[in-house]
$ cat final_32.cif   # mmCIF, C-alpha atoms
data_model
#
loop_
_atom_site.group_PDB
_atom_site.id
_atom_site.type_symbol
_atom_site.label_atom_id
_atom_site.label_comp_id
_atom_site.auth_asym_id
_atom_site.auth_seq_id
_atom_site.Cartn_x
_atom_site.Cartn_y
_atom_site.Cartn_z
ATOM 1 C CA MET A 1 12.037 -18.447 -0.814
ATOM 2 C CA ILE A 2 13.653 -15.027 -1.085
ATOM 3 C CA GLY A 3 12.261 -12.883 1.749
ATOM 4 C CA ARG A 4 14.412 -9.750 1.559
ATOM 5 C CA ILE A 5 16.904 -8.270 -0.845
ATOM 6 C CA THR A 6 19.428 -5.443 -0.412
ATOM 7 C CA GLY A 7 21.302 -3.975 -3.320
ATOM 8 C CA THR A 8 22.071 -1.008 -5.531
ATOM 9 C CA LEU A 9 19.152 0.462 -7.436
ATOM 10 C CA LEU A 10 20.139 0.411 -11.126
ATOM 11 C CA GLU A 11 16.872 1.063 -12.990
ATOM 12 C CA LYS A 12 13.350 2.286 -12.288
ATOM 13 C CA HIS A 13 10.669 1.692 -14.913
ATOM 14 C CA PRO A 14 7.202 1.569 -13.325
ATOM 15 C CA PRO A 15 6.231 -0.888 -11.961
ATOM 16 C CA GLN A 16 9.599 -2.630 -12.295
ATOM 17 C CA VAL A 17 12.958 -1.953 -10.665
ATOM 18 C CA LEU A 18 16.358 -3.544 -11.157
ATOM 19 C CA LEU A 19 18.585 -4.164 -8.129
ATOM 20 C CA GLU A 20 22.186 -5.303 -8.369
ATOM 21 C CA VAL A 21 23.154 -7.709 -5.605
ATOM 22 C CA GLY A 22 26.626 -9.235 -5.695
ATOM 23 C CA GLY A 23 26.988 -8.701 -9.445
ATOM 24 C CA VAL A 24 23.545 -10.158 -10.247
ATOM 25 C CA GLY A 25 20.654 -7.957 -11.395
ATOM 26 C CA TYR A 26 17.258 -8.831 -9.909
ATOM 27 C CA GLU A 27 14.078 -7.534 -11.534
ATOM 28 C CA LEU A 28 11.283 -6.832 -9.052
ATOM 29 C CA ASP A 29 7.763 -5.587 -9.597
ATOM 30 C CA VAL A 30 6.695 -3.095 -6.945
ATOM 31 C CA PRO A 31 3.459 -1.239 -6.144
ATOM 32 C CA MET A 32 3.512 2.456 -6.964
ATOM 33 C CA SER A 33 3.462 3.330 -3.249
ATOM 34 C CA THR A 34 6.874 1.642 -2.932
ATOM 35 C CA PHE A 35 8.073 2.982 -6.275
ATOM 36 C CA TYR A 36 7.535 6.626 -5.256
ATOM 37 C CA ASP A 37 9.501 6.157 -2.025
ATOM 38 C CA LEU A 38 12.568 4.535 -3.614
ATOM 39 C CA PRO A 39 15.895 6.369 -3.399
ATOM 40 C CA GLU A 40 17.757 7.789 -6.391
ATOM 41 C CA LEU A 41 19.492 5.502 -8.891
ATOM 42 C CA GLY A 42 22.843 4.241 -7.615
ATOM 43 C CA GLN A 43 21.676 4.229 -3.975
ATOM 44 C CA ARG A 44 21.338 1.116 -1.812
ATOM 45 C CA VAL A 45 17.858 -0.068 -0.926
ATOM 46 C CA THR A 46 16.353 -2.963 1.010
ATOM 47 C CA LEU A 47 13.062 -4.456 -0.128
ATOM 48 C CA LEU A 48 10.964 -7.138 1.511
ATOM 49 C CA THR A 49 10.022 -9.629 -1.177
ATOM 50 C CA HIS A 50 7.467 -12.196 -2.176
ATOM 51 C CA GLN A 51 8.559 -14.812 -4.706
ATOM 52 C CA VAL A 52 6.169 -16.500 -7.131
ATOM 53 C CA ILE A 53 7.379 -19.572 -8.988
ATOM 54 C CA ARG A 54 5.469 -20.601 -12.109
ATOM 55 C CA GLU A 55 6.256 -23.055 -14.884
ATOM 56 C CA ASP A 56 7.424 -20.277 -17.157
ATOM 57 C CA ALA A 57 8.882 -17.741 -14.702
ATOM 58 C CA HIS A 58 10.310 -16.978 -11.276
ATOM 59 C CA LEU A 59 8.923 -13.597 -10.233
ATOM 60 C CA LEU A 60 9.911 -11.285 -7.383
ATOM 61 C CA TYR A 61 7.667 -8.617 -5.900
ATOM 62 C CA GLY A 62 9.237 -5.972 -3.654
ATOM 63 C CA PHE A 63 7.854 -3.813 -0.831
ATOM 64 C CA LEU A 64 9.341 -1.169 1.430
ATOM 65 C CA SER A 65 7.107 -2.089 4.384
ATOM 66 C CA ALA A 66 5.993 -5.294 6.055
ATOM 67 C CA GLU A 67 2.398 -3.993 5.999
ATOM 68 C CA GLU A 68 2.430 -3.723 2.196
ATOM 69 C CA ARG A 69 3.791 -7.229 1.821
ATOM 70 C CA ALA A 70 1.235 -8.624 4.286
ATOM 71 C CA ALA A 71 -1.603 -6.913 2.388
ATOM 72 C CA PHE A 72 -0.232 -8.257 -0.921
ATOM 73 C CA ARG A 73 -0.131 -11.779 0.490
ATOM 74 C CA GLN A 74 -3.696 -11.508 1.767
ATOM 75 C CA LEU A 75 -4.882 -10.264 -1.618
ATOM 76 C CA ILE A 76 -3.270 -13.062 -3.650
ATOM 77 C CA ARG A 77 -4.863 -15.699 -1.389
ATOM 78 C CA ILE A 78 -8.241 -14.724 -2.835
ATOM 79 C CA ALA A 79 -9.337 -16.907 -5.740
ATOM 80 C CA GLY A 80 -9.055 -15.041 -9.030
ATOM 81 C CA VAL A 81 -6.732 -12.337 -7.652
ATOM 82 C CA GLY A 82 -3.230 -12.648 -9.003
ATOM 83 C CA PRO A 83 -0.073 -10.677 -8.235
ATOM 84 C CA ARG A 84 -0.796 -8.063 -10.957
ATOM 85 C CA THR A 85 -4.237 -7.306 -9.521
ATOM 86 C CA ALA A 86 -2.811 -7.183 -5.985
ATOM 87 C CA LEU A 87 -0.147 -4.702 -7.148
ATOM 88 C CA ALA A 88 -2.830 -2.592 -8.828
ATOM 89 C CA VAL A 89 -4.842 -2.470 -5.590
ATOM 90 C CA LEU A 90 -1.778 -1.460 -3.557
ATOM 91 C CA SER A 91 -0.823 1.103 -6.200
ATOM 92 C CA GLY A 92 -4.299 2.661 -6.101
ATOM 93 C CA LEU A 93 -4.820 2.549 -2.324
ATOM 94 C CA SER A 94 -2.542 2.908 0.653
ATOM 95 C CA VAL A 95 -2.543 -0.014 3.077
ATOM 96 C CA ASP A 96 -4.458 2.159 5.569
ATOM 97 C CA GLY A 97 -6.960 3.029 2.831
ATOM 98 C CA LEU A 98 -7.441 -0.632 1.991
ATOM 99 C CA VAL A 99 -7.914 -1.547 5.650
ATOM 100 C CA GLN A 100 -10.488 1.231 6.044
ATOM 101 C CA ALA A 101 -12.308 0.205 2.867
ATOM 102 C CA VAL A 102 -12.507 -3.366 4.187
ATOM 103 C CA THR A 103 -13.504 -2.290 7.701
ATOM 104 C CA LEU A 104 -16.200 0.080 6.447
ATOM 105 C CA GLN A 105 -17.113 -2.209 3.507
ATOM 106 C CA GLU A 106 -16.718 0.651 0.997
ATOM 107 C CA SER A 107 -16.582 -0.943 -2.459
ATOM 108 C CA GLY A 108 -16.415 2.523 -4.065
ATOM 109 C CA ARG A 109 -12.796 2.968 -3.024
ATOM 110 C CA LEU A 110 -11.812 -0.288 -4.692
ATOM 111 C CA THR A 111 -13.724 0.368 -7.909
ATOM 112 C CA ARG A 112 -11.580 3.485 -8.440
ATOM 113 C CA VAL A 113 -8.599 1.162 -8.946
ATOM 114 C CA PRO A 114 -8.109 0.383 -12.670
ATOM 115 C CA GLY A 115 -9.133 -3.198 -13.430
ATOM 116 C CA ILE A 116 -11.348 -3.620 -10.349
ATOM 117 C CA GLY A 117 -15.049 -3.777 -11.135
ATOM 118 C CA LYS A 118 -17.980 -3.719 -8.748
ATOM 119 C CA LYS A 119 -18.241 -7.514 -8.411
ATOM 120 C CA THR A 120 -14.513 -7.950 -7.839
ATOM 121 C CA ALA A 121 -14.515 -5.133 -5.278
ATOM 122 C CA GLU A 122 -17.390 -6.711 -3.365
ATOM 123 C CA ARG A 123 -15.681 -10.111 -3.415
ATOM 124 C CA LEU A 124 -12.435 -8.562 -2.127
ATOM 125 C CA LEU A 125 -14.304 -6.838 0.701
ATOM 126 C CA LEU A 126 -16.071 -10.064 1.642
ATOM 127 C CA GLU A 127 -12.912 -12.202 1.524
ATOM 128 C CA LEU A 128 -10.741 -9.693 3.416
ATOM 129 C CA LYS A 129 -13.265 -8.822 6.126
ATOM 130 C CA GLY A 130 -11.863 -9.767 9.504
ATOM 131 C CA LYS A 131 -8.518 -10.807 8.002
ATOM 132 C CA LEU A 132 -6.705 -7.801 6.636
ATOM 133 C CA GLY A 133 -7.362 -5.255 9.384
ATOM 134 C CA ALA A 134 -6.715 -7.758 12.198
ATOM 135 C CA GLU A 135 -3.431 -8.973 10.734
ATOM 136 C CA LEU A 136 -2.092 -5.492 10.055
ATOM 137 C CA ALA A 137 -3.305 -4.002 13.330
ATOM 138 C CA SER A 138 -1.306 -6.615 15.213
ATOM 139 C CA ALA A 139 1.879 -5.889 13.231
ATOM 140 C CA PRO A 140 4.679 -4.640 15.511
ATOM 141 C CA GLY A 141 5.088 -0.877 15.684
ATOM 142 C CA ARG A 142 1.707 -0.158 14.133
ATOM 143 C CA ALA A 143 -0.830 1.887 16.067
ATOM 144 C CA PRO A 144 -4.490 1.716 15.064
ATOM 145 C CA LEU A 145 -5.941 4.822 13.508
ATOM 146 C CA GLU A 146 -8.194 6.564 16.002
ATOM 147 C CA ASP A 147 -11.777 7.531 15.171
ATOM 148 C CA THR A 148 -10.727 11.188 14.895
ATOM 149 C CA GLY A 149 -8.032 10.262 12.386
ATOM 150 C CA GLN A 150 -10.537 8.256 10.360
ATOM 151 C CA ASP A 151 -12.950 11.192 10.266
ATOM 152 C CA VAL A 152 -10.201 13.575 9.147
ATOM 153 C CA LEU A 153 -9.031 11.075 6.531
ATOM 154 C CA ARG A 154 -12.558 10.666 5.131
ATOM 155 C CA ALA A 155 -12.955 14.454 4.958
ATOM 156 C CA LEU A 156 -9.679 14.855 3.040
ATOM 157 C CA LEU A 157 -10.597 12.062 0.642
ATOM 158 C CA ALA A 158 -13.985 13.709 0.041
ATOM 159 C CA LEU A 159 -12.153 16.934 -0.808
ATOM 160 C CA GLY A 160 -10.244 15.096 -3.530
ATOM 161 C CA TYR A 161 -6.877 14.415 -1.901
ATOM 162 C CA SER A 162 -5.221 11.084 -2.694
ATOM 163 C CA GLU A 163 -4.998 8.257 -0.146
ATOM 164 C CA ARG A 164 -1.272 8.893 0.161
ATOM 165 C CA GLU A 165 -1.553 12.664 0.750
ATOM 166 C CA ALA A 166 -4.456 12.306 3.178
ATOM 167 C CA GLY A 167 -2.789 9.477 5.110
ATOM 168 C CA ALA A 168 0.457 11.435 5.505
ATOM 169 C CA ALA A 169 -1.433 14.523 6.713
ATOM 170 C CA VAL A 170 -3.423 12.488 9.269
ATOM 171 C CA ARG A 171 -0.305 10.751 10.620
ATOM 172 C CA ALA A 172 1.298 14.175 11.195
ATOM 173 C CA LEU A 173 -1.543 15.311 13.476
ATOM 174 C CA PRO A 174 -0.846 15.437 17.221
ATOM 175 C CA ALA A 175 -2.705 12.902 19.379
ATOM 176 C CA GLY A 176 -5.998 14.086 20.838
ATOM 177 C CA THR A 177 -6.744 16.614 18.090
ATOM 178 C CA ALA A 178 -10.437 17.366 17.563
ATOM 179 C CA VAL A 179 -11.880 16.535 14.139
ATOM 180 C CA SER A 180 -12.481 20.132 13.052
ATOM 181 C CA ASP A 181 -9.000 21.204 14.229
ATOM 182 C CA GLY A 182 -7.495 18.133 12.570
ATOM 183 C CA ILE A 183 -9.089 18.953 9.227
ATOM 184 C CA ARG A 184 -7.912 22.550 9.447
ATOM 185 C CA MET A 185 -4.338 21.512 10.388
ATOM 186 C CA ALA A 186 -4.217 18.836 7.666
ATOM 187 C CA LEU A 187 -5.403 21.289 5.011
ATOM 188 C CA LYS A 188 -2.717 23.784 6.063
ATOM 189 C CA SER A 189 0.018 21.134 5.834
ATOM 190 C CA LEU A 190 -1.259 19.952 2.442
ATOM 191 C CA ALA A 191 -1.371 23.538 1.139
ATOM 192 C CA ARG A 192 2.339 23.966 1.990
ATOM 193 C CA GLU A 193 3.372 20.978 -0.149
#
$ encode --input "final_32.cif" --output "structure tokens"
Amino acid sequence: MIGRITGTLLEKHPPQVLLEVGGVGYELDVPMSTFYDLPELGQRVTLLTHQVIREDAHLLYGFLSAEERAAFRQLIRIAGVGPRTALAVLSGLSVDGLVQAVTLQESGRLTRVPGIGKKTAERLLLELKGKLGAELASAPGRAPLEDTGQDVLRALLALGYSEREAGAAVRALPAGTAVSDGIRMALKSLARE
């Protein structure tokens, strides 16, 4: 199985990218969270991969972080959830957002993802409960989001900011910040962007 690939980024057409490695072009499907963080065309990039082999195709899925790949793998283990649906979930929610939705059992976050209905969202929450958050929390170099950070994140999401914007603002907050101060600081940083 191909676990990682490093090469020159030749093309970007959402959700697909083309990487040249040793004279061979590899097509990879990536979630939008990875797509937005890719370098410019012609630059080198390393992607963690997941390979799916079917009768009619050999498919590669690429991720910039181990957390994204782990979440993707957990999602495709669920009956009825294929790689396309898993990519849609990771394109619509950050990994932290997905973990919080599973932890808090908030099906509303998942139903905002195109192609995910209420029943599918509830099944995902049920199947991932106790699996997704535990696996990702134990990943090396990953600190759990404190209660204050979760409160600030929920407030930013309620104000209409995307998972990505809100998550980045919360991660930039200094440790030990009070909720009200955290919201104020996050809003200031988001207003500058």
$ closest_atom_pairs --input "final_32.cif" --of "stretch 24-100 of chain A" --to "stretch 162-173 of chain A" --cutoff "9 Å" --atoms "only C-alpha atoms" --output "CSV"
residue,atom,partner,partner_atom,distance
A:Ser33,CA,A:Arg164,CA,8.1
A:Gly92,CA,A:Glu163,CA,8.2
A:Leu93,CA,A:Glu163,CA,6.1
A:Ser94,CA,A:Glu163,CA,5.9
A:Asp96,CA,A:Gly167,CA,7.5
A:Gly97,CA,A:Glu163,CA,6.3
$ residues_around --input "final_32.cif" --residues "A:Gly182" --least-positions-apart "6" --cutoff "12 Å" --atoms "only C-alpha atoms" --output "list of chain:residue names"
A:Asp147, A:Thr148, A:Gly149, A:Gln150, A:Asp151, A:Val152, A:Leu153, A:Arg154, A:Ala155, A:Leu156, A:Ala166, A:Ala169, A:Val170, A:Arg171, A:Ala172, A:Leu173, A:Pro174, A:Ala175, A:Gly176, A:Lys188, A:Ser189
$ write_last_selection --input "final_32.cif" --atoms "C-alpha atoms" --output "compact mmCIF listing (two decimals), keeping the file's coordinate frame"
# COMPACT_ATOMS: atom_id res chain seq x y z
CA ASP A 147 -11.78 7.53 15.17
CA THR A 148 -10.73 11.19 14.90
CA GLY A 149 -8.03 10.26 12.39
CA GLN A 150 -10.54 8.26 10.36
CA ASP A 151 -12.95 11.19 10.27
CA VAL A 152 -10.20 13.58 9.15
CA LEU A 153 -9.03 11.08 6.53
CA ARG A 154 -12.56 10.67 5.13
CA ALA A 155 -12.96 14.45 4.96
CA LEU A 156 -9.68 14.86 3.04
CA ALA A 166 -4.46 12.31 3.18
CA ALA A 169 -1.43 14.52 6.71
CA VAL A 170 -3.42 12.49 9.27
CA ARG A 171 -0.30 10.75 10.62
CA ALA A 172 1.30 14.18 11.20
CA LEU A 173 -1.54 15.31 13.48
CA PRO A 174 -0.85 15.44 17.22
CA ALA A 175 -2.70 12.90 19.38
CA GLY A 176 -6.00 14.09 20.84
CA LYS A 188 -2.72 23.78 6.06
CA SER A 189 0.02 21.13 5.83
$ resolve_selection --input "final_32.cif" --expression "the PyMOL selection byres ((chain A and resi 37) around 12)" --output "list in words"
Lys12, Val30, Pro31, Met32, Ser33, Thr34, Phe35, Tyr36, Leu38, Pro39, Glu40, Val45, Thr46, Leu47, Phe63, Leu64, Ser65 and Arg164 of chain A
$ closest_residue --input "final_32.cif" --among "A:Ser107, A:Leu75, A:Glu68, A:Ala121" --to "A:Val95" --atoms "only C-alpha atoms"
A:Glu68
$ atom_distance --input "final_32.cif" --atom1 "atom CA of A:Ala79" --atom2 "atom CA of A:Leu128"
11.7 Å
$ atom_distance --input "final_32.cif" --atom1 "atom CA of A:Ile116" --atom2 "atom CA of A:Gly3"
28.1 Å
$ resolve_selection --input "final_32.cif" --expression "the PyMOL selection byres ((chain A and resi 28) around 10)" --output "list in words"
Lys12, Pro15, Gln16, Val17, Leu18, Leu19, Gly25, Tyr26, Glu27, Asp29, Val30, Leu47, Thr49, His50, Gln51, Leu59, Leu60, Tyr61, Gly62 and Phe63 of chain A
$ resolve_selection --input "final_32.cif" --expression "the PyMOL selection byres ((chain A and resi 125) around 9)" --output "PyMOL selection string"
chain A and resi 101-103+105-107+110+120-124+126-129
$ axis_aligned_box --input "final_32.cif" --around "stretch 171-183 of chain A" --padding-each-side "5 Å" --output "AutoDock Vina command-line options"
--center_x -5.6 --center_y 16.0 --center_z 15.0 --size_x 23.8 --size_y 20.5 --size_z 21.6
$ residues_around --input "final_32.cif" --residues "A:Gln74" --least-positions-apart "3" --cutoff "12 Å" --atoms "only C-alpha atoms" --output "PyMOL selection string"
chain A and resi 50+67-71+77-79+81-83+86-87+89-90+95+98-99+124-125+127-136
$ write_last_selection --input "final_32.cif" --atoms "C-alpha atoms" --output "compact mmCIF listing (two decimals), keeping the file's coordinate frame"
# COMPACT_ATOMS: atom_id res chain seq x y z
CA HIS A 50 7.47 -12.20 -2.18
CA GLU A 67 2.40 -3.99 6.00
CA GLU A 68 2.43 -3.72 2.20
CA ARG A 69 3.79 -7.23 1.82
CA ALA A 70 1.24 -8.62 4.29
CA ALA A 71 -1.60 -6.91 2.39
CA ARG A 77 -4.86 -15.70 -1.39
CA ILE A 78 -8.24 -14.72 -2.84
CA ALA A 79 -9.34 -16.91 -5.74
CA VAL A 81 -6.73 -12.34 -7.65
CA GLY A 82 -3.23 -12.65 -9.00
CA PRO A 83 -0.07 -10.68 -8.24
CA ALA A 86 -2.81 -7.18 -5.98
CA LEU A 87 -0.15 -4.70 -7.15
CA VAL A 89 -4.84 -2.47 -5.59
CA LEU A 90 -1.78 -1.46 -3.56
CA VAL A 95 -2.54 -0.01 3.08
CA LEU A 98 -7.44 -0.63 1.99
CA VAL A 99 -7.91 -1.55 5.65
CA LEU A 124 -12.44 -8.56 -2.13
CA LEU A 125 -14.30 -6.84 0.70
CA GLU A 127 -12.91 -12.20 1.52
CA LEU A 128 -10.74 -9.69 3.42
CA LYS A 129 -13.26 -8.82 6.13
CA GLY A 130 -11.86 -9.77 9.50
CA LYS A 131 -8.52 -10.81 8.00
CA LEU A 132 -6.70 -7.80 6.64
CA GLY A 133 -7.36 -5.26 9.38
CA ALA A 134 -6.72 -7.76 12.20
CA GLU A 135 -3.43 -8.97 10.73
CA LEU A 136 -2.09 -5.49 10.06
